[in-house]
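Colleague: Here you go, one structure.
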2 protein chains.
Amino acid sequence: MELYDLVIIGGGPGGIASAIYAIRARMKVLMIEKAGIGGQIAVSDIIENYPGFPSVSGPELMQAFEDHAKGIGLEIKYATVKKIQKTDSLFAIEIGEGSLKSKSIIMATGAEPARIGIPGETEFIGRGVSTCATCDGPFYRDKEIAVVGGGDTAVKESIYLSKLVKKIYHIHRRGSFRAEKVLQERVFEKDNIEFLWFHSPLEIKGDQSGVTQLVVENSKDGSQKTIDLLGVFMFVGIVPSTSFVDCEKDDSGFIKTDEKMESSVKGLFAIGDCRVTPLRQVATAVGDGAIAATKAEEYVSELEGTSYEGKQKN
Amino acid sequence: MELYDLVIIGGGPGGIASAIYAIRARMKVLMIEKAGIGGQIAVSDIIENYPGFPSVSGPELMQAFEDHAKGIGLEIKYATVKKIQKTDSLFAIEIGEGSLKSKSIIMATGAEPARIGIPGETEFIGRGVSTCATCDGPFYRDKEIAVVGGGDTAVKESIYLSKLVKKIYHIHRRGSFRAEKVLQERVFEKDNIEFLWFHSPLEIKGDQSGVTQLVVENSKDGSQKTIDLLGVFMFVGIVPSTSFVDCEKDDSGFIKTDEKMESSVKGLFAIGDCRVTPLRQVATAVGDGAIAATKAEEYVSELEGTSYEGKQKN
């Protein structure tokens, strides 16, 4: 069975950054990615806050990251991780088609869009309910839709969708957005968005053709309203993909780390969106990745009791 | 007197990243830089580990950062900060030509090359003693020089200088380098570098023309050796530029922060090389900058008791 120094699980910005550092540290590295390189960012319309790239699409930025890592020899395996277990000092990583062993792990699994848990939400996924504006937006050209949520993603996607659709009902349970102010300014300039403050979705209704109506409730007076529309875009937070590993997590499943990005399990690191962190951005994932790879290399070197001295000239 | 929401002190990668985030958060931001944009990185030969830029010179990368920030309206003042003091809830920043006020501060002042403190070291600065290979290397074409130190910078600069000079004595007080392994491999491939392990510089000798000799001591047997050479490049660590501000620091002067990058003084943040951090890289400075700007914006909003609600359409 193949033994790696480091297995990185997840190919988003943080995973790729850690791969670049680990490869340069001459570790034997494997990245395991379940779908496509880039993670959530690869479905993002425009990124304007990763320093050095003033304005770039998500796929373009992630292509630049992938090219960087592949150019120095990154090996990627496309598979879904079922379970990680540490026995003695090695980690066993179960994937569909067998298992792998590694001396250290970096969890860079990111997080997936959360669901609210209302009737119709799961039933109409892919038939009117969406969590990806760039993926599904073009299907709603000149139609009426709803956007739900108040963070960066919700507001960004509302701006993006407003260019495509006829009208957006932007539904938020609070009285203001917590998104970046530049995004708020942009969304408030749009003429085809109606903001429903202090409103929450209650039920998504539809028929054979897909979604036809959204029922919302006003939390101020308890009144309900039914809106005719064809799409509901939900951006109500994220859920980390960490269920297959045992270590200390917060109540939502985000992995707790120290400043070295190490979890409660020695040799198991976590970076980016899947860890407890004050900010979830490409810039922060990249910083996390650099730290985790450097600390994983130190961990593996200590584990082996090796130093580089033997390879030196003198 | 001009009042800012945020003053960023230092124009390296971390400072620029925080500026990008703060400007996008619609803060009134000023960057104060004492010399040139880019910090220590601007004198670095090649950067290969900032994701998205497979191989780029320090000045090129910092130009891309500067263009990004200036493109969205970054205001830069070239001045040296003498003192920062917090009175009530505002910071007063004394600069040579007067003073400024700000609601929050990000210290992005970086760190400068350390000195060992041996005879001749200060005397011959600029006349044979250097801390910048890209600045001074070309003056030593086909000459013999010494490089002192064992970290990333020392090894990188040794590789760079080996292409220019006739011979390098690479002096390190330990028996192995702690630099990235890819850098170690490259330096060991060079034919014109002689490694003096377990050696420390004792004295730099010279005359009117500049440096002529370096005296080193072998820590294993106490023996001394005098080397004829014309240049001594010192890469023996860094000292943070934090003396003008009062907050909790470690024994070396690096600012202690929490995971929000906030120091022991509320509203005073520190990022990158000048803070206590597990790694000092462009990637980590950028992550720090994104977090500090976001948290500074939250701090200033709370200070003002303002929310964005008043500006909203509905």
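Scheme for the structure tokens: letters A, B, ... for chains in order shown; per-chain residue numbers from 1; ligand numbers from 1 in order shown.
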Should the cut-off be 7 Å, what would the residue list for chain B against chain A look like, counting only C-alpha atoms, as a ChimeraX atom specification?
Modeller: /B:17,20-21,24-26,49,51-54,64-65,68,175-176,180-182,188,260,278-279,283-284,286-287,290-291,308-309,313
Colleague: Create the file for the chosen residues now, containing N, CA and C atoms and written as a short mmCIF file (atom, residue, chain, number, x, y, z; two decimals), in the first residue's frame.
Modeller:
data_model
loop_
_atom_site.label_atom_id
_atom_site.label_comp_id
_atom_site.auth_asym_id
_atom_site.auth_seq_id
_atom_site.Cartn_x
_atom_site.Cartn_y
_atom_site.Cartn_z
N ALA B 17 -2.82 43.90 1.35
CA ALA B 17 -4.00 43.03 1.45
C ALA B 17 -5.05 43.66 2.37
N ILE B 20 -6.85 46.49 0.61
CA ILE B 20 -7.86 46.03 -0.37
C ILE B 20 -9.16 45.69 0.35
N TYR B 21 -9.06 44.96 1.45
CA TYR B 21 -10.27 44.59 2.20
C TYR B 21 -10.93 45.81 2.83
N ARG B 24 -12.71 48.02 0.23
CA ARG B 24 -13.95 47.35 -0.19
C ARG B 24 -15.02 47.39 0.91
N ALA B 25 -14.57 47.53 2.16
CA ALA B 25 -15.52 47.68 3.27
C ALA B 25 -15.93 49.13 3.44
N ARG B 26 -15.47 49.99 2.51
CA ARG B 26 -15.81 51.42 2.49
C ARG B 26 -15.34 52.17 3.72
N ASN B 49 6.16 30.72 -4.21
CA ASN B 49 5.17 30.05 -3.37
C ASN B 49 3.98 30.93 -2.97
N PRO B 51 0.47 31.44 -4.16
CA PRO B 51 -0.39 30.72 -5.11
C PRO B 51 -0.98 31.62 -6.19
N GLY B 52 -0.86 31.16 -7.44
CA GLY B 52 -1.36 31.93 -8.57
C GLY B 52 -0.23 32.56 -9.37
N PHE B 53 0.93 32.71 -8.74
CA PHE B 53 2.12 33.25 -9.41
C PHE B 53 3.24 32.21 -9.33
N PRO B 54 3.33 31.31 -10.32
CA PRO B 54 4.30 30.21 -10.21
C PRO B 54 5.75 30.67 -10.00
N ALA B 64 2.13 44.19 -8.77
CA ALA B 64 0.76 43.68 -8.98
C ALA B 64 -0.13 43.99 -7.77
N PHE B 65 0.42 43.83 -6.57
CA PHE B 65 -0.32 44.15 -5.35
C PHE B 65 -0.66 45.65 -5.32
N HIS B 68 -3.29 46.63 -7.80
CA HIS B 68 -4.60 46.17 -7.33
C HIS B 68 -5.19 47.18 -6.34
N GLY B 175 24.71 22.50 12.22
CA GLY B 175 25.19 21.48 11.29
C GLY B 175 24.26 21.22 10.13
N SER B 176 23.13 21.95 10.08
CA SER B 176 22.21 21.81 8.95
C SER B 176 21.39 23.08 8.82
N GLU B 180 13.69 25.67 3.50
CA GLU B 180 12.89 24.75 2.68
C GLU B 180 13.81 23.74 2.00
N LYS B 181 13.36 22.49 1.88
CA LYS B 181 14.26 21.48 1.30
C LYS B 181 14.57 21.73 -0.17
N VAL B 182 13.60 22.26 -0.91
CA VAL B 182 13.87 22.54 -2.32
C VAL B 182 14.99 23.56 -2.44
N PHE B 188 22.95 22.99 -2.56
CA PHE B 188 23.96 21.94 -2.51
C PHE B 188 24.44 21.52 -3.90
N LYS B 260 -8.05 37.21 15.78
CA LYS B 260 -8.58 38.30 14.96
C LYS B 260 -7.50 39.31 14.58
N PRO B 278 3.30 31.79 13.48
CA PRO B 278 4.04 30.55 13.23
C PRO B 278 4.80 30.55 11.89
N LEU B 279 4.52 31.51 11.00
CA LEU B 279 5.17 31.49 9.68
C LEU B 279 5.17 32.89 9.10
N ALA B 283 2.04 34.64 1.63
CA ALA B 283 0.72 33.99 1.77
C ALA B 283 0.10 34.22 3.14
N THR B 284 0.91 34.15 4.19
CA THR B 284 0.36 34.32 5.53
C THR B 284 0.09 35.80 5.83
N VAL B 286 -0.89 37.99 3.74
CA VAL B 286 -2.11 38.31 3.01
C VAL B 286 -3.35 37.82 3.78
N GLY B 287 -3.28 36.61 4.30
CA GLY B 287 -4.38 36.09 5.13
C GLY B 287 -4.59 36.94 6.37
N ALA B 290 -6.35 40.26 5.44
CA ALA B 290 -7.79 40.13 5.19
C ALA B 290 -8.55 40.09 6.52
N ILE B 291 -8.04 39.31 7.46
CA ILE B 291 -8.71 39.19 8.76
C ILE B 291 -8.68 40.52 9.52
N TYR B 308 -25.44 49.75 8.87
CA TYR B 308 -25.63 50.20 7.50
C TYR B 308 -27.10 50.43 7.19
N GLU B 309 -27.94 50.09 8.17
CA GLU B 309 -29.38 50.09 7.94
C GLU B 309 -29.92 51.42 7.42
N LYS B 313 -32.38 51.03 1.22
CA LYS B 313 -33.51 51.53 0.43
C LYS B 313 -34.82 51.45 1.19
#
Colleague: Tell me, which residues of region 194-305 of chain B carry DSSP strand (DSSP E), written as a PyMOL selection string?
Modeller: chain B and resi 194-197+199-207+210-218+224-228+231-234+238-240+268-270
Colleague: Can I get the selection written as a short mmCIF file (atom, residue, chain, number, x, y, z; two decimals), in the first residue's frame, with C-alpha atoms?
Modeller:
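So again-v6.cif came out as:
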data_model
loop_
_atom_site.label_atom_id
_atom_site.label_comp_id
_atom_site.auth_asym_id
_atom_site.auth_seq_id
_atom_site.Cartn_x
_atom_site.Cartn_y
_atom_site.Cartn_z
CA GLU B 194 31.98 26.05 0.45
CA PHE B 195 29.86 25.26 3.52
CA LEU B 196 31.40 26.02 6.90
CA TRP B 197 29.11 24.20 9.36
CA HIS B 199 31.08 28.23 12.33
CA SER B 200 30.23 31.73 13.54
CA PRO B 201 31.60 35.09 12.44
CA LEU B 202 33.88 36.71 15.04
CA GLU B 203 35.12 39.86 13.35
CA ILE B 204 34.95 41.68 10.04
CA LYS B 205 38.23 43.36 9.07
CA GLY B 206 38.91 45.93 6.40
CA ASP B 207 40.59 49.11 5.37
CA GLY B 210 36.06 48.34 2.62
CA VAL B 211 35.94 44.73 3.87
CA THR B 212 39.03 42.59 3.27
CA GLN B 213 38.74 39.68 5.73
CA LEU B 214 36.30 37.70 7.87
CA VAL B 215 37.38 35.87 11.02
CA VAL B 216 35.25 32.83 11.90
CA GLU B 217 35.29 30.39 14.80
CA ASN B 218 34.51 26.67 14.77
CA GLN B 224 39.66 30.22 14.30
CA LYS B 225 40.17 30.90 10.63
CA THR B 226 40.66 34.14 8.68
CA ILE B 227 39.14 34.26 5.20
CA ASP B 228 40.17 36.79 2.54
CA GLY B 231 31.82 41.03 0.96
CA VAL B 232 29.88 39.60 3.90
CA PHE B 233 26.12 39.04 3.39
CA MET B 234 24.31 38.62 6.71
CA ILE B 238 14.83 39.71 11.68
CA VAL B 239 13.88 42.41 14.16
CA PRO B 240 10.33 43.85 14.09
CA LEU B 268 -4.88 48.16 17.28
CA PHE B 269 -4.21 45.21 14.99
CA ALA B 270 -0.92 43.64 13.85
#
Colleague: Could you check which of B:Glu75, B:Ala42, B:Gly267, B:Gln208 is closest to Thr87 (chain B), using only C-alpha atoms?
Modeller: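 Looking at the shortest contact to Thr87 (chain B), the residue is B:Gly267.
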Colleague: Considering only C-alpha atoms, return as JSON, numbers by chain whatever protein or nucleic-acid residues lie within 12 Å of Ile145 (chain A), sequence-local ones (same chain, fewer than 2 positions apart) excluded.
Modeller: {"A": [128, 129, 130, 133, 136, 137, 138, 139, 140, 141, 142, 143, 147, 148, 158, 161, 162, 164, 165, 166, 167, 168, 169, 170, 171, 192, 193, 194, 204, 211, 212, 213, 214, 227, 228, 229, 230, 231, 232, 233, 234]}
Colleague: Leaving out Cys274 (chain B) and any residue of its chain fewer than 2 positions from it, which residues lie within 6 Å of it when counting only C-alpha atoms, given as a PyMOL selection string?
Modeller: chain B and resi 110-111+240+254+272
Colleague: Write the residues of the preceding selection, restricted to N, CA, C and O atoms, as a PDB file, in the first residue's frame.
Modeller:
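Below is the file out_37.pdb, written as the result:
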ATOM      1  N   GLY B 110       6.345  45.066   9.349  1.00  0.00           N
ATOM      2  CA  GLY B 110       7.356  44.096   8.986  1.00  0.00           C
ATOM      3  C   GLY B 110       8.499  44.024   9.969  1.00  0.00           C
ATOM      4  O   GLY B 110       8.345  44.342  11.160  1.00  0.00           O
ATOM      5  N   ALA B 111       9.625  43.571   9.466  1.00  0.00           N
ATOM      6  CA  ALA B 111      10.792  43.372  10.309  1.00  0.00           C
ATOM      7  C   ALA B 111      12.028  43.630   9.464  1.00  0.00           C
ATOM      8  O   ALA B 111      12.004  43.455   8.247  1.00  0.00           O
ATOM      9  N   PRO B 240      11.538  43.130  14.493  1.00  0.00           N
ATOM     10  CA  PRO B 240      10.326  43.846  14.087  1.00  0.00           C
ATOM     11  C   PRO B 240      10.444  45.352  14.323  1.00  0.00           C
ATOM     12  O   PRO B 240      11.178  45.783  15.211  1.00  0.00           O
ATOM     13  N   PHE B 254       8.100  41.363  18.843  1.00  0.00           N
ATOM     14  CA  PHE B 254       6.985  40.992  17.961  1.00  0.00           C
ATOM     15  C   PHE B 254       5.669  41.172  18.733  1.00  0.00           C
ATOM     16  O   PHE B 254       5.573  40.788  19.898  1.00  0.00           O
ATOM     17  N   GLY B 272       1.293  40.007   9.677  1.00  0.00           N
ATOM     18  CA  GLY B 272       2.524  39.691   8.954  1.00  0.00           C
ATOM     19  C   GLY B 272       3.748  39.549   9.834  1.00  0.00           C
ATOM     20  O   GLY B 272       3.661  39.099  10.981  1.00  0.00           O
TER      21      GLY B 272
END
Colleague: Residues of region 44-289 of chain A in helix (DSSP H, G or I) according to DSSP, as a VMD selection string?
Modeller: chain A and resid 58 to 71 133 to 140 152 to 162 181 to 188 272 to 274 282 to 289
Colleague: Please provide the set of residues having any atom within 9 Å of Val236 (chain B), restricted to only C-alpha atoms, with same-chain residues fewer than 3 positions apart removed, written as a PDB file with N, CA and C atoms, in the first residue's frame.
Modeller:
ATOM      1  N   PRO B 113      16.382  43.221   8.851  1.00  0.00           N
ATOM      2  CA  PRO B 113      17.453  42.260   9.113  1.00  0.00           C
ATOM      3  C   PRO B 113      18.131  42.525  10.458  1.00  0.00           C
ATOM      4  N   ALA B 114      18.384  41.462  11.186  1.00  0.00           N
ATOM      5  CA  ALA B 114      19.061  41.565  12.479  1.00  0.00           C
ATOM      6  C   ALA B 114      20.567  41.680  12.270  1.00  0.00           C
ATOM      7  N   ARG B 115      21.244  42.154  13.284  1.00  0.00           N
ATOM      8  CA  ARG B 115      22.710  42.168  13.258  1.00  0.00           C
ATOM      9  C   ARG B 115      23.230  41.231  14.328  1.00  0.00           C
ATOM     10  N   ILE B 116      24.443  40.714  14.131  1.00  0.00           N
ATOM     11  CA  ILE B 116      25.024  39.795  15.115  1.00  0.00           C
ATOM     12  C   ILE B 116      25.666  40.569  16.256  1.00  0.00           C
ATOM     13  N   VAL B 148      26.114  34.462   5.606  1.00  0.00           N
ATOM     14  CA  VAL B 148      25.962  33.984   6.984  1.00  0.00           C
ATOM     15  C   VAL B 148      24.483  33.716   7.276  1.00  0.00           C
ATOM     16  N   GLY B 149      24.155  32.503   7.760  1.00  0.00           N
ATOM     17  CA  GLY B 149      22.785  32.184   8.168  1.00  0.00           C
ATOM     18  C   GLY B 149      22.289  30.875   7.574  1.00  0.00           C
ATOM     19  N   GLY B 150      21.193  30.326   8.141  1.00  0.00           N
ATOM     20  CA  GLY B 150      20.721  29.009   7.736  1.00  0.00           C
ATOM     21  C   GLY B 150      19.243  28.910   7.410  1.00  0.00           C
ATOM     22  N   GLY B 151      18.544  30.043   7.398  1.00  0.00           N
ATOM     23  CA  GLY B 151      17.107  30.020   7.101  1.00  0.00           C
ATOM     24  C   GLY B 151      16.836  30.175   5.608  1.00  0.00           C
ATOM     25  N   THR B 153      15.935  32.719   3.831  1.00  0.00           N
ATOM     26  CA  THR B 153      16.538  33.885   3.190  1.00  0.00           C
ATOM     27  C   THR B 153      18.009  33.650   2.909  1.00  0.00           C
ATOM     28  N   ALA B 154      18.751  33.157   3.893  1.00  0.00           N
ATOM     29  CA  ALA B 154      20.184  32.932   3.719  1.00  0.00           C
ATOM     30  C   ALA B 154      20.449  31.976   2.559  1.00  0.00           C
TER      31      ALA B 154
END
Colleague: Identify which of the residues A:Ile95, A:Ile8, A:Val81, A:Val43 lies closest to Thr134 (chain A), counting only C-alpha atoms when measuring atom-to-atom distances.
Modeller: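 Comparing A:Ile95, A:Ile8, A:Val81, A:Val43 against Thr134 (chain A), the winner is A:Val43.
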